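Here's entry09.tsv, which has TSV, C-alpha atoms and all ligand atoms:
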chain	number	residue	atom	x	y	z
U	7	MET	CA	83.29	14.29	230.13
U	8	SER	CA	80.60	14.80	227.53
U	9	ILE	CA	81.03	15.57	223.87
U	10	ASN	CA	80.34	19.16	222.84
U	11	GLU	CA	78.03	18.74	219.81
U	12	ASP	CA	79.03	22.07	218.24
U	13	LYS	CA	82.74	21.27	218.45
U	14	LEU	CA	82.12	17.76	217.14
U	15	ASN	CA	80.15	19.08	214.15
U	16	GLU	CA	82.82	21.68	213.47
U	17	LEU	CA	85.53	18.99	213.45
U	18	LEU	CA	83.46	16.63	211.29
U	19	GLY	CA	82.79	19.46	208.84
U	20	LYS	CA	86.53	20.06	208.59
U	21	VAL	CA	87.21	16.36	208.05
U	22	VAL	CA	84.60	16.16	205.25
U	23	THR	CA	86.47	19.00	203.53
U	24	GLU	CA	89.75	17.12	204.03
U	25	MET	CA	88.17	13.91	202.71
U	26	GLY	CA	87.19	15.77	199.54
U	27	ALA	CA	90.71	17.22	199.18
U	28	ALA	CA	92.43	13.87	199.74
U	29	ALA	CA	90.10	12.03	197.32
U	30	ASN	CA	90.41	14.72	194.64
U	31	GLY	CA	94.24	14.69	194.64
U	32	PRO	CA	94.57	11.97	191.98
U	33	LEU	CA	92.05	13.83	189.80
U	34	ILE	CA	94.42	16.81	189.73
U	35	THR	CA	97.26	14.70	188.31
U	36	VAL	CA	94.78	13.03	185.90
U	37	GLY	CA	93.63	16.46	184.71
U	38	ASP	CA	97.21	17.63	184.30
U	39	THR	CA	98.48	14.45	182.61
U	40	LEU	CA	95.60	14.29	180.10
U	41	GLY	CA	95.67	18.03	179.36
U	42	LEU	CA	92.10	18.52	180.63
U	43	TYR	CA	92.88	21.72	182.56
U	44	LYS	CA	94.93	23.13	179.69
U	45	ALA	CA	92.25	22.47	177.07
U	46	LEU	CA	89.48	23.86	179.29
U	47	SER	CA	91.47	26.96	180.21
U	48	GLU	CA	92.19	27.69	176.53
U	49	ALA	CA	88.47	27.60	175.61
U	50	ASP	CA	85.71	30.06	176.54
U	51	ALA	CA	83.40	27.34	177.91
U	52	LEU	CA	82.99	23.65	177.05
U	53	THR	CA	80.52	20.83	177.56
U	54	SER	CA	81.89	17.51	178.77
U	55	ASP	CA	81.47	16.19	175.20
U	56	GLU	CA	83.55	19.05	173.79
U	57	LEU	CA	86.31	18.68	176.39
U	58	ALA	CA	86.48	14.91	175.82
U	59	ALA	CA	86.72	15.44	172.04
U	60	LYS	CA	89.48	18.05	172.42
U	61	THR	CA	91.56	15.76	174.68
U	62	ASN	CA	90.88	12.36	173.06
U	63	THR	CA	89.29	11.09	176.25
U	64	THR	CA	85.96	9.45	177.14
U	65	GLU	CA	82.98	11.72	177.82
U	66	ARG	CA	81.54	9.74	180.74
U	67	TYR	CA	84.82	9.98	182.67
U	68	VAL	CA	85.30	13.62	181.74
U	69	ARG	CA	81.75	14.52	182.86
U	70	GLU	CA	82.36	13.00	186.31
U	71	TRP	CA	85.81	14.63	186.52
U	72	LEU	CA	84.31	18.04	185.64
U	73	SER	CA	81.61	17.58	188.30
U	74	ALA	CA	84.29	16.85	190.94
U	75	GLN	CA	86.31	19.86	189.75
U	76	ALA	CA	83.29	22.16	189.93
U	77	ALA	CA	82.43	20.89	193.42
U	78	SER	CA	86.06	21.58	194.43
U	79	GLY	CA	85.91	25.13	193.08
U	80	TYR	CA	88.72	24.38	190.62
U	81	VAL	CA	86.50	25.06	187.56
U	82	GLU	CA	83.25	27.01	187.08
U	83	TYR	CA	79.92	25.43	186.08
U	84	ASN	CA	77.17	27.22	184.16
U	85	ALA	CA	74.00	25.19	184.86
U	86	GLU	CA	71.88	26.90	182.18
U	87	GLN	CA	74.29	26.03	179.39
U	88	ASP	CA	75.60	22.86	181.06
U	89	LYS	CA	79.10	24.13	180.28
U	90	PHE	CA	82.34	24.44	182.25
U	91	CYS	CA	85.07	27.07	182.13
U	92	MET	CA	88.10	28.28	184.11
U	93	THR	CA	88.73	31.76	185.50
U	94	GLU	CA	92.13	33.46	185.13
U	95	GLU	CA	92.94	32.46	188.71
U	96	GLN	CA	91.97	28.81	188.21
U	97	THR	CA	94.06	28.79	185.03
U	98	ALA	CA	97.08	30.21	186.88
U	99	VAL	CA	96.89	27.49	189.54
U	100	PHE	CA	95.88	24.46	187.40
U	101	GLY	CA	95.97	25.24	183.66
U	102	ASP	CA	99.28	26.95	183.00
U	103	SER	CA	102.37	24.91	183.88
U	104	LYS	CA	104.56	28.02	183.42
U	105	SER	CA	102.61	30.17	185.90
U	106	PRO	CA	104.58	30.99	189.09
U	107	VAL	CA	101.61	29.79	191.16
U	108	CYS	CA	101.01	26.52	189.26
U	109	MET	CA	100.21	23.93	191.96
U	110	THR	CA	99.60	20.74	189.99
U	111	GLY	CA	103.17	19.46	190.46
U	112	VAL	CA	102.90	18.93	194.19
U	113	PHE	CA	100.08	16.42	193.68
U	114	TYR	CA	102.45	14.04	191.85
U	115	ALA	CA	104.71	14.18	194.92
U	116	ILE	CA	101.67	13.58	197.15
U	117	THR	CA	100.80	10.49	195.06
U	118	SER	CA	104.16	9.04	196.11
U	119	LEU	CA	103.32	9.64	199.78
U	120	TYR	CA	100.25	7.41	199.53
U	121	GLN	CA	102.14	4.77	197.53
U	122	ASP	CA	104.98	4.69	200.06
U	123	GLU	CA	102.85	4.63	203.22
U	124	PRO	CA	103.73	0.97	204.04
U	125	LYS	CA	107.45	1.89	204.06
U	126	LEU	CA	106.74	4.72	206.51
U	127	VAL	CA	104.84	2.42	208.87
U	128	GLU	CA	107.91	0.17	209.01
U	129	ALA	CA	110.23	3.16	209.46
U	130	PHE	CA	108.19	4.43	212.43
U	131	LYS	CA	108.61	1.01	214.08
U	132	SER	CA	112.28	0.42	213.24
U	133	GLY	CA	113.58	3.98	213.45
U	134	GLU	CA	115.43	3.37	210.16
U	135	GLY	CA	115.47	6.02	207.45
U	136	ILE	CA	114.18	5.86	203.88
U	137	SER	CA	116.56	6.95	201.15
U	138	TRP	CA	115.32	9.61	198.71
U	139	GLY	CA	115.78	7.09	195.89
U	140	ASP	CA	113.64	4.44	197.62
U	141	HIS	CA	110.45	6.42	197.07
U	142	SER	CA	108.07	5.93	194.15
U	143	THR	CA	109.36	7.61	191.01
U	144	CYS	CA	106.52	10.16	190.80
U	145	LEU	CA	108.19	11.89	193.79
U	146	PHE	CA	111.18	12.98	191.69
U	147	CYS	CA	109.08	14.41	188.83
U	148	GLY	CA	106.60	15.83	191.34
U	149	THR	CA	109.33	17.66	193.24
U	150	GLU	CA	110.63	19.11	189.97
U	151	LYS	CA	107.15	20.14	188.80
U	152	PHE	CA	106.29	21.62	192.21
U	153	PHE	CA	109.43	23.71	192.63
U	154	SER	CA	110.07	24.76	189.01
U	155	PRO	CA	107.37	27.48	188.79
U	156	SER	CA	108.72	29.16	191.92
U	157	TYR	CA	112.33	28.93	190.69
U	158	GLU	CA	111.26	30.32	187.28
U	159	GLY	CA	109.41	33.17	188.99
U	160	ASN	CA	111.91	34.09	191.72
U	161	LEU	CA	115.43	32.79	191.26
U	162	VAL	CA	116.87	35.13	188.63
U	163	SER	CA	114.56	38.09	189.28
U	164	SER	CA	114.80	38.27	193.07
U	165	TRP	CA	116.72	35.55	194.96
U	166	LEU	CA	120.11	35.91	193.22
U	167	PRO	CA	119.94	39.75	193.24
U	168	SER	CA	119.32	39.63	197.01
U	169	LEU	CA	122.83	38.18	197.50
U	170	ASP	CA	125.98	40.27	197.87
U	171	GLY	CA	127.74	40.62	194.47
U	172	VAL	CA	126.62	37.23	193.11
U	173	VAL	CA	124.80	38.47	189.97
U	174	ASP	CA	127.87	40.42	188.80
U	175	LYS	CA	130.06	37.34	189.25
U	176	LEU	CA	127.56	35.18	187.35
U	177	LYS	CA	127.36	37.71	184.51
U	178	ASN	CA	131.15	37.90	184.21
U	179	GLY	CA	131.68	34.13	184.36
U	180	ALA	CA	131.65	32.15	187.60
U	181	LYS	CA	132.15	28.54	188.65
U	182	VAL	CA	128.96	27.36	190.36
U	183	ALA	CA	127.78	24.18	192.10
U	184	ASP	CA	124.13	23.25	192.69
U	185	ILE	CA	124.24	20.65	195.47
U	186	GLY	CA	121.34	18.18	195.82
U	187	CYS	CA	120.17	19.39	192.40
U	188	GLY	CA	117.57	16.64	191.78
U	189	HIS	CA	116.27	16.99	188.21
U	190	ALA	CA	118.23	20.26	187.92
U	191	ALA	CA	115.35	22.72	187.47
U	192	SER	CA	117.38	25.36	189.36
U	193	THR	CA	120.69	24.50	187.64
U	194	ILE	CA	119.21	24.87	184.16
U	195	ILE	CA	117.43	28.17	184.95
U	196	MET	CA	120.73	29.66	186.19
U	197	ALA	CA	122.72	28.20	183.27
U	198	LYS	CA	120.32	29.75	180.76
U	199	ALA	CA	120.38	33.14	182.49
U	200	PHE	CA	124.18	33.28	182.86
U	201	PRO	CA	125.80	31.79	179.74
U	202	ASN	CA	129.31	33.00	180.74
U	203	SER	CA	129.26	30.87	183.90
U	204	GLN	CA	129.87	27.13	184.30
U	205	PHE	CA	127.48	25.08	186.44
U	206	ILE	CA	127.80	21.64	187.97
U	207	GLY	CA	124.79	19.86	189.46
U	208	ILE	CA	125.57	17.26	192.13
U	209	ASP	CA	123.17	14.79	193.73
U	210	TYR	CA	123.63	11.44	195.45
U	211	HIS	CA	120.58	9.99	193.66
U	212	GLU	CA	121.78	8.49	190.37
U	213	VAL	CA	118.34	8.30	188.72
U	214	SER	CA	117.78	12.03	189.35
U	215	ILE	CA	121.16	12.87	187.81
U	216	GLN	CA	120.27	10.80	184.72
U	217	GLN	CA	117.08	12.86	184.39
U	218	ALA	CA	119.04	16.08	184.97
U	219	VAL	CA	121.32	15.22	182.02
U	220	GLU	CA	118.23	14.67	179.83
U	221	ARG	CA	116.61	17.94	181.00
U	222	ALA	CA	119.77	19.91	180.16
U	223	LYS	CA	119.87	18.33	176.68
U	224	GLU	CA	116.19	19.19	176.11
U	225	ALA	CA	116.85	22.77	177.25
U	226	GLY	CA	119.87	23.05	174.94
U	227	VAL	CA	122.19	24.36	177.66
U	228	THR	CA	125.85	23.50	177.23
U	229	ASN	CA	127.37	25.26	180.26
U	230	VAL	CA	126.23	22.55	182.72
U	231	SER	CA	127.59	19.20	183.78
U	232	PHE	CA	126.36	16.72	186.36
U	233	LYS	CA	127.85	14.32	188.83
U	234	VAL	CA	126.54	11.64	191.18
U	235	ASP	CA	128.12	12.37	194.56
U	236	THR	CA	127.20	13.25	198.11
U	237	ALA	CA	127.29	16.79	199.49
U	238	LYS	CA	130.35	15.85	201.57
U	239	ASP	CA	132.39	14.00	198.94
U	240	TYR	CA	132.59	15.91	195.63
U	241	PRO	CA	136.25	16.69	194.94
U	242	ASP	CA	135.72	19.88	192.85
U	243	LYS	CA	137.04	23.17	194.29
U	244	ASP	CA	137.45	26.90	193.60
U	245	PHE	CA	133.73	27.65	193.30
U	246	ASP	CA	132.56	31.28	193.26
U	247	PHE	CA	129.07	30.29	194.32
U	248	ILE	CA	127.43	27.15	195.76
U	249	ALA	CA	123.64	26.74	196.01
U	250	PHE	CA	121.49	24.32	198.00
U	251	PHE	CA	117.85	24.26	196.88
U	252	ASP	CA	115.49	22.66	199.36
U	253	CYS	CA	117.92	19.90	200.29
U	254	LEU	CA	120.20	20.91	203.20
U	255	HIS	CA	117.61	19.76	205.77
U	256	ASP	CA	117.27	16.41	203.90
U	257	MET	CA	120.93	15.60	204.45
U	258	GLY	CA	122.14	13.35	207.24
U	259	ASP	CA	125.04	15.65	208.03
U	260	PRO	CA	124.14	19.21	206.98
U	261	VAL	CA	126.98	20.59	209.13
U	262	GLY	CA	129.41	18.37	207.20
U	263	ALA	CA	127.81	19.45	203.90
U	264	CYS	CA	128.33	23.12	204.84
U	265	ALA	CA	131.92	22.46	205.95
U	266	HIS	CA	132.59	20.73	202.62
U	267	ALA	CA	131.04	23.64	200.70
U	268	LYS	CA	133.13	26.15	202.67
U	269	GLN	CA	136.42	24.45	201.71
U	270	ALA	CA	135.24	24.06	198.08
U	271	LEU	CA	134.60	27.82	197.74
U	272	LYS	CA	137.15	30.45	196.74
U	273	SER	CA	138.03	32.70	199.68
U	274	ASP	CA	135.55	35.35	198.44
U	275	GLY	CA	132.91	32.80	197.40
U	276	SER	CA	129.46	32.46	198.95
U	277	CYS	CA	126.57	30.06	199.43
U	278	MET	CA	122.82	30.40	198.93
U	279	ILE	CA	120.71	28.01	200.98
U	280	VAL	CA	117.05	27.87	199.92
U	281	GLU	CA	114.93	26.19	202.59
U	282	PRO	CA	111.19	25.77	203.20
U	283	PHE	CA	109.71	28.80	204.96
U	284	ALA	CA	109.38	28.23	208.71
U	285	ASN	CA	109.34	30.16	211.95
U	286	ASP	CA	111.61	29.05	214.77
U	287	SER	CA	109.08	27.34	217.03
U	288	LEU	CA	106.34	24.77	216.47
U	289	LYS	CA	103.64	27.04	217.90
U	290	ASP	CA	104.41	29.62	215.21
U	291	ASN	CA	104.30	27.04	212.40
U	292	LEU	CA	100.78	25.79	213.12
U	293	ASN	CA	99.37	27.29	209.93
U	294	PRO	CA	98.51	25.95	206.43
U	295	VAL	CA	102.08	26.18	205.08
U	296	GLY	CA	103.56	24.61	208.23
U	297	ARG	CA	100.93	21.89	208.10
U	298	ALA	CA	101.86	20.91	204.53
U	299	PHE	CA	105.60	21.08	205.22
U	300	TYR	CA	105.44	19.07	208.48
U	301	ALA	CA	103.57	16.38	206.49
U	302	PHE	CA	106.25	16.28	203.77
U	303	SER	CA	108.91	16.41	206.45
U	304	THR	CA	107.56	13.39	208.33
U	305	GLN	CA	107.29	11.33	205.14
U	306	LEU	CA	110.30	12.50	203.11
U	307	CYS	CA	112.80	14.83	204.78
U	308	VAL	CA	113.25	13.21	208.20
U	309	PRO	CA	113.47	9.66	206.73
U	310	CYS	CA	115.96	10.87	204.08
U	311	SER	CA	118.23	12.35	206.74
U	312	LEU	CA	117.86	9.39	209.13
U	313	ASN	CA	119.00	7.11	206.29
U	314	GLN	CA	122.38	8.89	206.13
U	315	GLU	CA	125.38	9.19	208.43
U	316	VAL	CA	124.88	11.45	211.49
U	317	GLY	CA	121.12	11.57	210.77
U	318	LEU	CA	120.64	15.05	212.21
U	319	SER	CA	117.13	15.18	210.70
U	320	LEU	CA	116.60	18.93	210.84
U	321	GLY	CA	113.17	18.51	209.22
U	322	ALA	CA	111.53	20.85	206.73
U	323	GLN	CA	110.44	23.27	209.45
U	324	ALA	CA	113.83	23.82	211.07
U	325	GLY	CA	113.49	27.61	210.95
U	326	GLU	CA	116.16	30.26	210.58
U	327	LYS	CA	117.67	29.92	214.08
U	328	ARG	CA	118.52	26.20	213.73
U	329	LEU	CA	119.63	26.64	210.13
U	330	LYS	CA	121.93	29.47	211.17
U	331	GLU	CA	123.47	27.32	213.93
U	332	THR	CA	123.96	24.48	211.43
U	333	ILE	CA	125.52	26.68	208.75
U	334	LEU	CA	127.84	28.52	211.17
U	335	ALA	CA	128.86	25.16	212.70
U	336	GLY	CA	130.01	24.24	209.19
U	337	GLY	CA	132.60	27.00	209.38
U	338	PHE	CA	130.92	29.99	207.72
U	339	ASP	CA	131.55	33.33	209.45
U	340	HIS	CA	128.67	35.30	208.03
U	341	PHE	CA	124.97	34.40	207.78
U	342	ASN	CA	121.88	36.39	206.84
U	343	ARG	CA	118.32	35.99	205.57
U	344	ALA	CA	118.58	37.54	202.11
U	345	ALA	CA	114.96	37.09	200.96
U	346	GLU	CA	111.80	35.11	201.61
U	347	THR	CA	108.55	34.04	199.97
U	348	PRO	CA	105.50	32.43	201.64
U	349	PHE	CA	107.11	29.05	200.80
U	350	ASN	CA	110.87	29.70	201.10
U	351	LEU	CA	113.65	31.22	203.19
U	352	ILE	CA	116.62	32.41	201.11
U	353	LEU	CA	119.74	32.30	203.28
U	354	GLU	CA	123.23	33.59	202.47
U	355	ALA	CA	126.47	32.27	203.99
U	356	LYS	CA	130.04	33.47	203.46
D	401	LIG	C1	113.63	17.90	198.00
D	401	LIG	S1	114.79	17.35	196.83
D	401	LIG	C2	115.27	18.89	196.06
D	401	LIG	C3	115.83	18.70	194.70
D	401	LIG	C4	116.26	19.97	193.97
D	401	LIG	N1	117.27	20.69	194.69
D	401	LIG	C5	115.07	20.86	193.70
D	401	LIG	O1	114.98	21.92	194.33
D	401	LIG	O2	114.22	20.52	192.85
D	401	LIG	C6	116.22	16.95	197.84
D	401	LIG	C7	117.38	16.43	197.02
D	401	LIG	O3	118.52	16.29	197.89
D	401	LIG	C8	119.23	15.14	197.48
D	401	LIG	N2	120.09	14.72	198.61
D	401	LIG	C9	119.70	14.34	199.85
D	401	LIG	N3	120.78	14.06	200.62
D	401	LIG	C10	121.87	14.29	199.85
D	401	LIG	C11	123.28	14.21	200.11
D	401	LIG	N4	123.76	13.85	201.29
D	401	LIG	N5	124.13	14.53	199.10
D	401	LIG	C12	123.64	14.91	197.89
D	401	LIG	N6	122.32	15.01	197.59
D	401	LIG	C13	121.44	14.71	198.57
D	401	LIG	C14	118.15	14.15	197.08
D	401	LIG	O4	118.63	13.11	196.27
D	401	LIG	C15	117.16	15.08	196.37
D	401	LIG	O5	117.41	15.15	195.00
Taking this structure as input, can you express it in the form of C-alpha cells?
Amino acid sequence: MSINEDKLNELLGKVVTEMGAAANGPLITVGDTLGLYKALSEADALTSDELAAKTNTTERYVREWLSAQAASGYVEYNAEQDKFCMTEEQTAVFGDSKSPVCMTGVFYAITSLYQDEPKLVEAFKSGEGISWGDHSTCLFCGTEKFFSPSYEGNLVSSWLPSLDGVVDKLKNGAKVADIGCGHAASTIIMAKAFPNSQFIGIDYHEVSIQQAVERAKEAGVTNVSFKVDTAKDYPDKDFDFIAFFDCLHDMGDPVGACAHAKQALKSDGSCMIVEPFANDSLKDNLNPVGRAFYAFSTQLCVPCSLNQEVGLSLGAQAGEKRLKETILAGGFDHFNRAAETPFNLILEAK
C-alpha cells in the first residue's frame, strides 16, 4: 500500500489547524481573565501599547497575544495603522460574557482536561471512574461559564414555555428541585424569574454547592436553598417540577435518579431533562458538535458515571432513544422532546 500524497497533505493541513486551536486555547482564557477581549471590543481600534495600558498588562506579551488572535481570526488587524479591533461577531463570541453565544467559558473546562490527562491514562488502564470532584477546579467554573450564556438565553424564554403548564405553576408559586445543579447557574436564573416559587439545588459535589451558595448570595436571591446529596438520596418530596441540567448522563444510576425524582414529585408534577444534543447513532453524530461532546464525554461524563454505583455510563451522546428508555425505566409514563438547540435536547417526563 502506498501513501496517497493528496490525502496525506489534506490530513496534515487539518492537523496544523488543530495544532493552532489546541495551542491557542490557553490564550483564550488569558484574554478573558485579563479583560483583553472586553477592553478591545469596547474600543474602536487599539495598538498593542494602548490595549496593554488599558488592561494594566505588559505590551510585549499583549503584542504577541494580539498576533495569535489575529492569526486565529478572533480579532481583526489593520496593517496600515498597526491597530487591532473586534467585529460585532467576535465581540459576541469572546468579548461579551452575557452574550448567548459567548464561548470563552468552555476553554476553562478544556484547561482541566489537559491538567487531568494523567488521571485519564490511569482510568483507561484500570477501568475505574473519576469523580466529578476529582478534576481540577477550573472544570467547575468552566462548566458554569460555558453553560450560563445558553441558560440565560434559552431557559426562561423558550425551554420552560415548551413544557406543559410549567410556567403557570412557576408564576403562581411552585416547589422546584434542580438536581446536579453544580454552581447553580440554572437554579438562580429560575429563582430570579419566578419569585413566588421556592427552589432547591442539589448536587453530590460539596465544593460546587459551597460555590452555589455564594452565587445565590451575590445574585441576591432569597427563594433558593442548597443541599449536598445524591440524585437518589435527597429526602425532600412534593415537588411540582424537577429539572436536570446536563447531568443525568453523568450519573452512575440515571434510572435510579429518575425513579427517585418520580416519587419526589406531586402526582401532577413533571421533569425537564436537559441533555447535550445528539442523534441516536454514532454515524449521525460524526460532526463538529458530536466531536466536541464525545471528547468531553470520554474525559468527564463516562468517568463520572463509572465512579458511581451501577456505572451505566450513558455518555454525553446518548441520544433521545436511549434517554427515553432510561427515563421510562425510572417509572415515568410520558416522555417527549419539548425543544432543542444545536447544543441541547430539552426532554419532558411526567
Ligand atoms: C456537567 S455538570 C452540570 C452542572 C449544572 N447542572 C450545570 O448545568 O451547570 C454535572 C453535575 O452533576 C453532578 N452529579 C453527577 N452525579 C451526580 C449524582 N449522582 N447526584 C448528584 N449530582 C451528581 C456533578 O457534581 C456536576 O455538578
With a cut-off of 12 Å, could you pull out the residues of segment 278-319 of chain U touching segment 110-132 of chain U and give me the nearest pair of atoms for each, distance in Å to one decimal, using all atoms listed in the file, ordered by chain and ascending number, as CSV?
residue,atom,partner,partner_atom,distance
U:Ala298,CA,U:Ile116,CA,10.4
U:Phe299,CA,U:Val112,CA,11.6
U:Ala301,CA,U:Leu119,CA,9.5
U:Phe302,CA,U:Leu119,CA,8.3
U:Ser303,CA,U:Leu119,CA,11.0
U:Thr304,CA,U:Leu126,CA,8.9
U:Gln305,CA,U:Leu126,CA,6.8
U:Leu306,CA,U:Leu119,CA,8.2
U:Cys307,CA,U:Leu119,CA,11.9
U:Val308,CA,U:Ala129,CA,10.6
U:Pro309,CA,U:Ala129,CA,7.8
U:Cys310,CA,U:Ala129,CA,11.0
U:Leu312,CA,U:Ala129,CA,9.9
U:Asn313,CA,U:Ala129,CA,10.1
Counting only C-alpha atoms and all ligand atoms, what residues are within 7 Å of ligand LIG 401 (chain D), given as number ranges by chain?
U: 138-139, 149-150, 153, 185-192, 208-211, 214, 235-238, 250-253, 256-258, 310-311
Between atom CA of Ala218 of chain U and atom CA of Cys147 of chain U, what distance in Å does the model show, to one decimal?
10.8 Å
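Note that the spacing between atom CA of Ala49 of chain U and atom CA of Cys91 of chain U amounts to 7.4 Å.
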Among U:Ala28, U:Gly336, U:Gly159, U:Pro282, Ala267 of chain U is approached most closely, using all atoms listed in the file, by U:Gly336
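Atom CA of Lys268 of chain U lies 24.9 Å from atom CA of Ala199 of chain U.
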Sel. within 7 Å of pt (79.9, 20.7, 177.3), counting only C-alpha atoms, output as an mmCIF file with C-alpha atoms, keeping the file's coordinate frame:
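Result saved to out_2.cif:
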data_model
loop_
_atom_site.group_PDB
_atom_site.id
_atom_site.type_symbol
_atom_site.label_atom_id
_atom_site.label_comp_id
_atom_site.auth_asym_id
_atom_site.auth_seq_id
_atom_site.Cartn_x
_atom_site.Cartn_y
_atom_site.Cartn_z
ATOM 1 C CA LEU U 52 82.990 23.650 177.050
ATOM 2 C CA THR U 53 80.520 20.830 177.560
ATOM 3 C CA SER U 54 81.890 17.510 178.770
ATOM 4 C CA ASP U 55 81.470 16.190 175.200
ATOM 5 C CA GLU U 56 83.550 19.050 173.790
ATOM 6 C CA LEU U 57 86.310 18.680 176.390
ATOM 7 C CA ASP U 88 75.600 22.860 181.060
ATOM 8 C CA LYS U 89 79.100 24.130 180.280
ATOM 9 C CA PHE U 90 82.340 24.440 182.250
#
What's the 7 Å shell around Val99 of chain U, counting all atoms listed in the file, without same-chain residues fewer than 6 positions away, as an MDAnalysis selection string?
chainID U and resid 107:109
Among listed residues U:Ser73, U:Asp38, U:Val162, U:Thr97, nearest Gly148 of chain U (using only C-alpha atoms):
U:Asp38
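With distances restricted to all atoms listed in the file, U:Asp246 is the closest residue to Asn178 of chain U from U:Glu346, U:Asp246, U:Asp286, U:Glu331.
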Complete the atom set of segment 187-193 of chain U to all heavy atoms and return it as a PDB file, keeping the file's coordinate frame.
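Saved to rebuild_28.pdb:
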ATOM      1  N   CYS U 187     120.878  18.690 193.488  1.00  0.00           N
ATOM      2  CA  CYS U 187     120.170  19.390 192.400  1.00  0.00           C
ATOM      3  C   CYS U 187     118.928  18.657 191.908  1.00  0.00           C
ATOM      4  O   CYS U 187     118.125  19.233 191.173  1.00  0.00           O
ATOM      5  CB  CYS U 187     121.117  19.638 191.223  1.00  0.00           C
ATOM      6  SG  CYS U 187     121.667  18.102 190.414  1.00  0.00           S
ATOM      7  N   GLY U 188     118.748  17.378 192.266  1.00  0.00           N
ATOM      8  CA  GLY U 188     117.570  16.640 191.780  1.00  0.00           C
ATOM      9  C   GLY U 188     117.548  16.624 190.259  1.00  0.00           C
ATOM     10  O   GLY U 188     118.558  16.312 189.617  1.00  0.00           O
ATOM     11  N   HIS U 189     116.407  16.984 189.671  1.00  0.00           N
ATOM     12  CA  HIS U 189     116.270  16.990 188.210  1.00  0.00           C
ATOM     13  C   HIS U 189     116.834  18.275 187.596  1.00  0.00           C
ATOM     14  O   HIS U 189     116.660  18.507 186.403  1.00  0.00           O
ATOM     15  CB  HIS U 189     114.812  16.821 187.819  1.00  0.00           C
ATOM     16  CG  HIS U 189     114.318  15.413 187.956  1.00  0.00           C
ATOM     17  ND1 HIS U 189     113.140  14.973 187.417  1.00  0.00           N
ATOM     18  CD2 HIS U 189     114.860  14.328 188.582  1.00  0.00           C
ATOM     19  CE1 HIS U 189     112.964  13.689 187.687  1.00  0.00           C
ATOM     20  NE2 HIS U 189     113.987  13.284 188.414  1.00  0.00           N
ATOM     21  N   ALA U 190     117.453  19.103 188.396  1.00  0.00           N
ATOM     22  CA  ALA U 190     118.230  20.260 187.920  1.00  0.00           C
ATOM     23  C   ALA U 190     117.383  21.419 187.400  1.00  0.00           C
ATOM     24  O   ALA U 190     117.854  22.196 186.564  1.00  0.00           O
ATOM     25  CB  ALA U 190     119.235  19.839 186.852  1.00  0.00           C
ATOM     26  N   ALA U 191     116.165  21.567 187.885  1.00  0.00           N
ATOM     27  CA  ALA U 191     115.350  22.720 187.470  1.00  0.00           C
ATOM     28  C   ALA U 191     116.111  24.019 187.747  1.00  0.00           C
ATOM     29  O   ALA U 191     116.227  24.889 186.872  1.00  0.00           O
ATOM     30  CB  ALA U 191     114.023  22.714 188.216  1.00  0.00           C
ATOM     31  N   SER U 192     116.666  24.131 188.963  1.00  0.00           N
ATOM     32  CA  SER U 192     117.380  25.360 189.360  1.00  0.00           C
ATOM     33  C   SER U 192     118.671  25.526 188.561  1.00  0.00           C
ATOM     34  O   SER U 192     119.003  26.635 188.119  1.00  0.00           O
ATOM     35  CB  SER U 192     117.685  25.313 190.857  1.00  0.00           C
ATOM     36  OG  SER U 192     118.316  24.081 191.194  1.00  0.00           O
ATOM     37  N   THR U 193     119.406  24.431 188.349  1.00  0.00           N
ATOM     38  CA  THR U 193     120.690  24.500 187.640  1.00  0.00           C
ATOM     39  C   THR U 193     120.472  25.034 186.213  1.00  0.00           C
ATOM     40  O   THR U 193     121.224  25.898 185.739  1.00  0.00           O
ATOM     41  CB  THR U 193     121.342  23.104 187.530  1.00  0.00           C
ATOM     42  OG1 THR U 193     120.940  22.288 188.622  1.00  0.00           O
ATOM     43  CG2 THR U 193     122.846  23.189 187.469  1.00  0.00           C
TER      44      THR U 193
END
